[in-house]
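Participant: This is the structure, below, for whatever I ask next.
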Amino acid sequence: MNIFMVCSRSAYGRVPELRRRREDLGHSVTLRSNFDDPGREGTVEASGAEAYARWKAEMLSLQARKVAANDAVVVLNFDKAEQQNYLGGATFLEVFKAWELGKKIFFVNPLPDNAVTDELAAMNPVVLHGDLSGVR
């Protein structure tokens with residue numbers, strides 16, 4: 001299966017091991033465009049609001065194409081600071097795009113309790129409860 005693995009930058013340290021395990025099982029894993037350079041967003045943001053808005057729009061478009069090119073989106077929604085099962089805005093948009101395109105959606109942990117919980121539930125994702133072996 002071709003998987004687009006998404007998460008908050010705060011979880012990037014956990015991605016290499018999870019990616020390797022999926023690839024060992026024969027899956028192809030795509031990561032976010034800035035995974036290899038997580039500080040890039042801050043650098044672009046510091047260059048000014050207009051440049052940052054253009055860059056952010058480019059990233060959103062690229063991420064939408066990555067969702068379309070894969071069979072599934074796997075959301076690594078780990079805790080971030082004091083927010084359980086964190087899901088940021090960009091990740092929410094990736095999940096929505098996957099739903100819109102009829103892709104499989106997996107959440108590693110239960111859905112977060114926040115402003116978009118109802119929308120996420122309506123997209124009927126598979127909640128893995130920490131067990132990635134359910135990605136099929």
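Identifiers in the structure tokens: chain A, B, ... in order shown; residue index from 1 per chain; ligand index from 1 in order shown.
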Please extract the residues of chain A with a backbone DSSP assignment of strand (DSSP E or B) and present them as a PDB file with N, CA and C atoms, in the first residue's frame.
Facilitator:
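Resulting contents of selection.pdb:
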ATOM      1  N   ASN A   2       0.492   2.253  -0.709  1.00  0.00           N
ATOM      2  CA  ASN A   2       1.188   3.536  -0.718  1.00  0.00           C
ATOM      3  C   ASN A   2       0.572   4.428   0.359  1.00  0.00           C
ATOM      4  N   ILE A   3       1.411   4.817   1.317  1.00  0.00           N
ATOM      5  CA  ILE A   3       0.946   5.540   2.500  1.00  0.00           C
ATOM      6  C   ILE A   3       1.555   6.940   2.538  1.00  0.00           C
ATOM      7  N   PHE A   4       0.737   7.918   2.820  1.00  0.00           N
ATOM      8  CA  PHE A   4       1.208   9.267   3.113  1.00  0.00           C
ATOM      9  C   PHE A   4       1.125   9.409   4.624  1.00  0.00           C
ATOM     10  N   MET A   5       2.273   9.485   5.289  1.00  0.00           N
ATOM     11  CA  MET A   5       2.349   9.548   6.746  1.00  0.00           C
ATOM     12  C   MET A   5       2.474  11.010   7.162  1.00  0.00           C
ATOM     13  N   VAL A   6       1.525  11.472   7.979  1.00  0.00           N
ATOM     14  CA  VAL A   6       1.504  12.882   8.365  1.00  0.00           C
ATOM     15  C   VAL A   6       1.443  13.025   9.884  1.00  0.00           C
ATOM     16  N   CYS A   7       2.008  14.142  10.355  1.00  0.00           N
ATOM     17  CA  CYS A   7       2.003  14.422  11.788  1.00  0.00           C
ATOM     18  C   CYS A   7       2.482  15.852  12.025  1.00  0.00           C
ATOM     19  N   SER A  28       4.939   1.440   0.742  1.00  0.00           N
ATOM     20  CA  SER A  28       5.702   2.598   0.280  1.00  0.00           C
ATOM     21  C   SER A  28       5.221   3.783   1.103  1.00  0.00           C
ATOM     22  N   VAL A  29       6.149   4.522   1.713  1.00  0.00           N
ATOM     23  CA  VAL A  29       5.767   5.616   2.605  1.00  0.00           C
ATOM     24  C   VAL A  29       6.262   6.950   2.053  1.00  0.00           C
ATOM     25  N   THR A  30       5.337   7.888   1.920  1.00  0.00           N
ATOM     26  CA  THR A  30       5.644   9.253   1.519  1.00  0.00           C
ATOM     27  C   THR A  30       5.527  10.130   2.759  1.00  0.00           C
ATOM     28  N   LEU A  31       6.451  11.067   2.896  1.00  0.00           N
ATOM     29  CA  LEU A  31       6.425  12.000   4.027  1.00  0.00           C
ATOM     30  C   LEU A  31       6.172  13.411   3.532  1.00  0.00           C
ATOM     31  N   ALA A  72      -3.571   5.818   1.077  1.00  0.00           N
ATOM     32  CA  ALA A  72      -4.060   6.089   2.426  1.00  0.00           C
ATOM     33  C   ALA A  72      -3.259   7.192   3.080  1.00  0.00           C
ATOM     34  N   VAL A  73      -3.881   7.809   4.062  1.00  0.00           N
ATOM     35  CA  VAL A  73      -3.205   8.774   4.935  1.00  0.00           C
ATOM     36  C   VAL A  73      -3.172   8.153   6.324  1.00  0.00           C
ATOM     37  N   VAL A  74      -1.971   8.103   6.901  1.00  0.00           N
ATOM     38  CA  VAL A  74      -1.802   7.613   8.269  1.00  0.00           C
ATOM     39  C   VAL A  74      -1.413   8.808   9.121  1.00  0.00           C
ATOM     40  N   VAL A  75      -2.270   9.143  10.067  1.00  0.00           N
ATOM     41  CA  VAL A  75      -2.063  10.304  10.932  1.00  0.00           C
ATOM     42  C   VAL A  75      -1.419   9.851  12.237  1.00  0.00           C
ATOM     43  N   LEU A  76      -0.224  10.347  12.482  1.00  0.00           N
ATOM     44  CA  LEU A  76       0.492  10.061  13.726  1.00  0.00           C
ATOM     45  C   LEU A  76       0.119  11.156  14.718  1.00  0.00           C
ATOM     46  N   LYS A  80       0.943  16.492  22.017  1.00  0.00           N
ATOM     47  CA  LYS A  80       1.831  17.644  21.814  1.00  0.00           C
ATOM     48  C   LYS A  80       1.612  18.577  22.997  1.00  0.00           C
ATOM     49  N   GLN A  83      -1.772  18.746  24.817  1.00  0.00           N
ATOM     50  CA  GLN A  83      -2.890  18.406  23.944  1.00  0.00           C
ATOM     51  C   GLN A  83      -2.814  16.922  23.568  1.00  0.00           C
ATOM     52  N   LYS A 104      -8.233   5.862   2.126  1.00  0.00           N
ATOM     53  CA  LYS A 104      -8.312   5.314   3.475  1.00  0.00           C
ATOM     54  C   LYS A 104      -7.666   6.298   4.437  1.00  0.00           C
ATOM     55  N   ILE A 105      -8.239   6.414   5.622  1.00  0.00           N
ATOM     56  CA  ILE A 105      -7.718   7.323   6.645  1.00  0.00           C
ATOM     57  C   ILE A 105      -7.533   6.534   7.934  1.00  0.00           C
ATOM     58  N   PHE A 106      -6.322   6.606   8.463  1.00  0.00           N
ATOM     59  CA  PHE A 106      -5.991   5.923   9.706  1.00  0.00           C
ATOM     60  C   PHE A 106      -5.455   6.932  10.712  1.00  0.00           C
ATOM     61  N   PHE A 107      -5.897   6.817  11.948  1.00  0.00           N
ATOM     62  CA  PHE A 107      -5.353   7.607  13.055  1.00  0.00           C
ATOM     63  C   PHE A 107      -4.672   6.635  14.005  1.00  0.00           C
ATOM     64  N   VAL A 126     -10.216   4.989  10.469  1.00  0.00           N
ATOM     65  CA  VAL A 126      -9.915   3.809  11.276  1.00  0.00           C
ATOM     66  C   VAL A 126      -8.975   4.267  12.384  1.00  0.00           C
ATOM     67  N   VAL A 127      -9.362   4.047  13.626  1.00  0.00           N
ATOM     68  CA  VAL A 127      -8.516   4.383  14.768  1.00  0.00           C
ATOM     69  C   VAL A 127      -7.757   3.127  15.170  1.00  0.00           C
TER      70      VAL A 127
END
Participant: Need the shell around A:Val67: protein/DNA/RNA residues with any atom at most 9 Å away, counting only C-alpha atoms. Skip same-chain ones fewer than 3 positions apart. Format as a PDB file with C-alpha atoms, in the first residue's frame?
Facilitator:
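Once everything was written out, this is result06.pdb:
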ATOM      1  CA  ILE A   3       0.946   5.540   2.500  1.00  0.00           C
ATOM      2  CA  PHE A   4       1.208   9.267   3.113  1.00  0.00           C
ATOM      3  CA  LEU A  62       1.882  19.942  -2.827  1.00  0.00           C
ATOM      4  CA  GLN A  63       0.436  18.079   0.143  1.00  0.00           C
ATOM      5  CA  ALA A  64      -2.910  17.711  -1.662  1.00  0.00           C
ATOM      6  CA  ASN A  70      -1.263   7.576  -2.221  1.00  0.00           C
ATOM      7  CA  ASP A  71      -3.773   4.942  -1.167  1.00  0.00           C
ATOM      8  CA  ALA A  72      -4.060   6.089   2.426  1.00  0.00           C
ATOM      9  CA  VAL A  73      -3.205   8.774   4.935  1.00  0.00           C
ATOM     10  CA  GLU A  94      -4.701  16.495   4.511  1.00  0.00           C
ATOM     11  CA  VAL A  95      -7.256  14.273   6.222  1.00  0.00           C
ATOM     12  CA  LYS A  97      -8.483  15.874   1.166  1.00  0.00           C
ATOM     13  CA  ALA A  98      -8.089  12.117   1.728  1.00  0.00           C
ATOM     14  CA  LEU A 101     -10.813  11.662  -2.642  1.00  0.00           C
ATOM     15  CA  LYS A 103      -8.743   7.453   0.374  1.00  0.00           C
TER      16      LYS A 103
END
Participant: Residues within 10 Å of stretch 52-61 of chain A, please, as a list in words. Count only C-alpha atoms; anything in the same chain fewer than 4 positions from it doesn't count.
Facilitator: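 Listed by chain and then number, they are Arg32, Ser33, Asn34, Glu41, Gly42, Thr43, Val44, Glu45, Ala46, Ser47, Gly48, Arg65, Lys66, Ala90, Thr91, Leu93 and Glu94 of chain A.
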Participant: Hey, which of A:Leu25, A:Val108, A:Met1, A:Met123 ends up closest to A:Phe96? Count only C-alpha atoms.
Facilitator: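 Smallest separation from A:Phe96 among the options: A:Met123.
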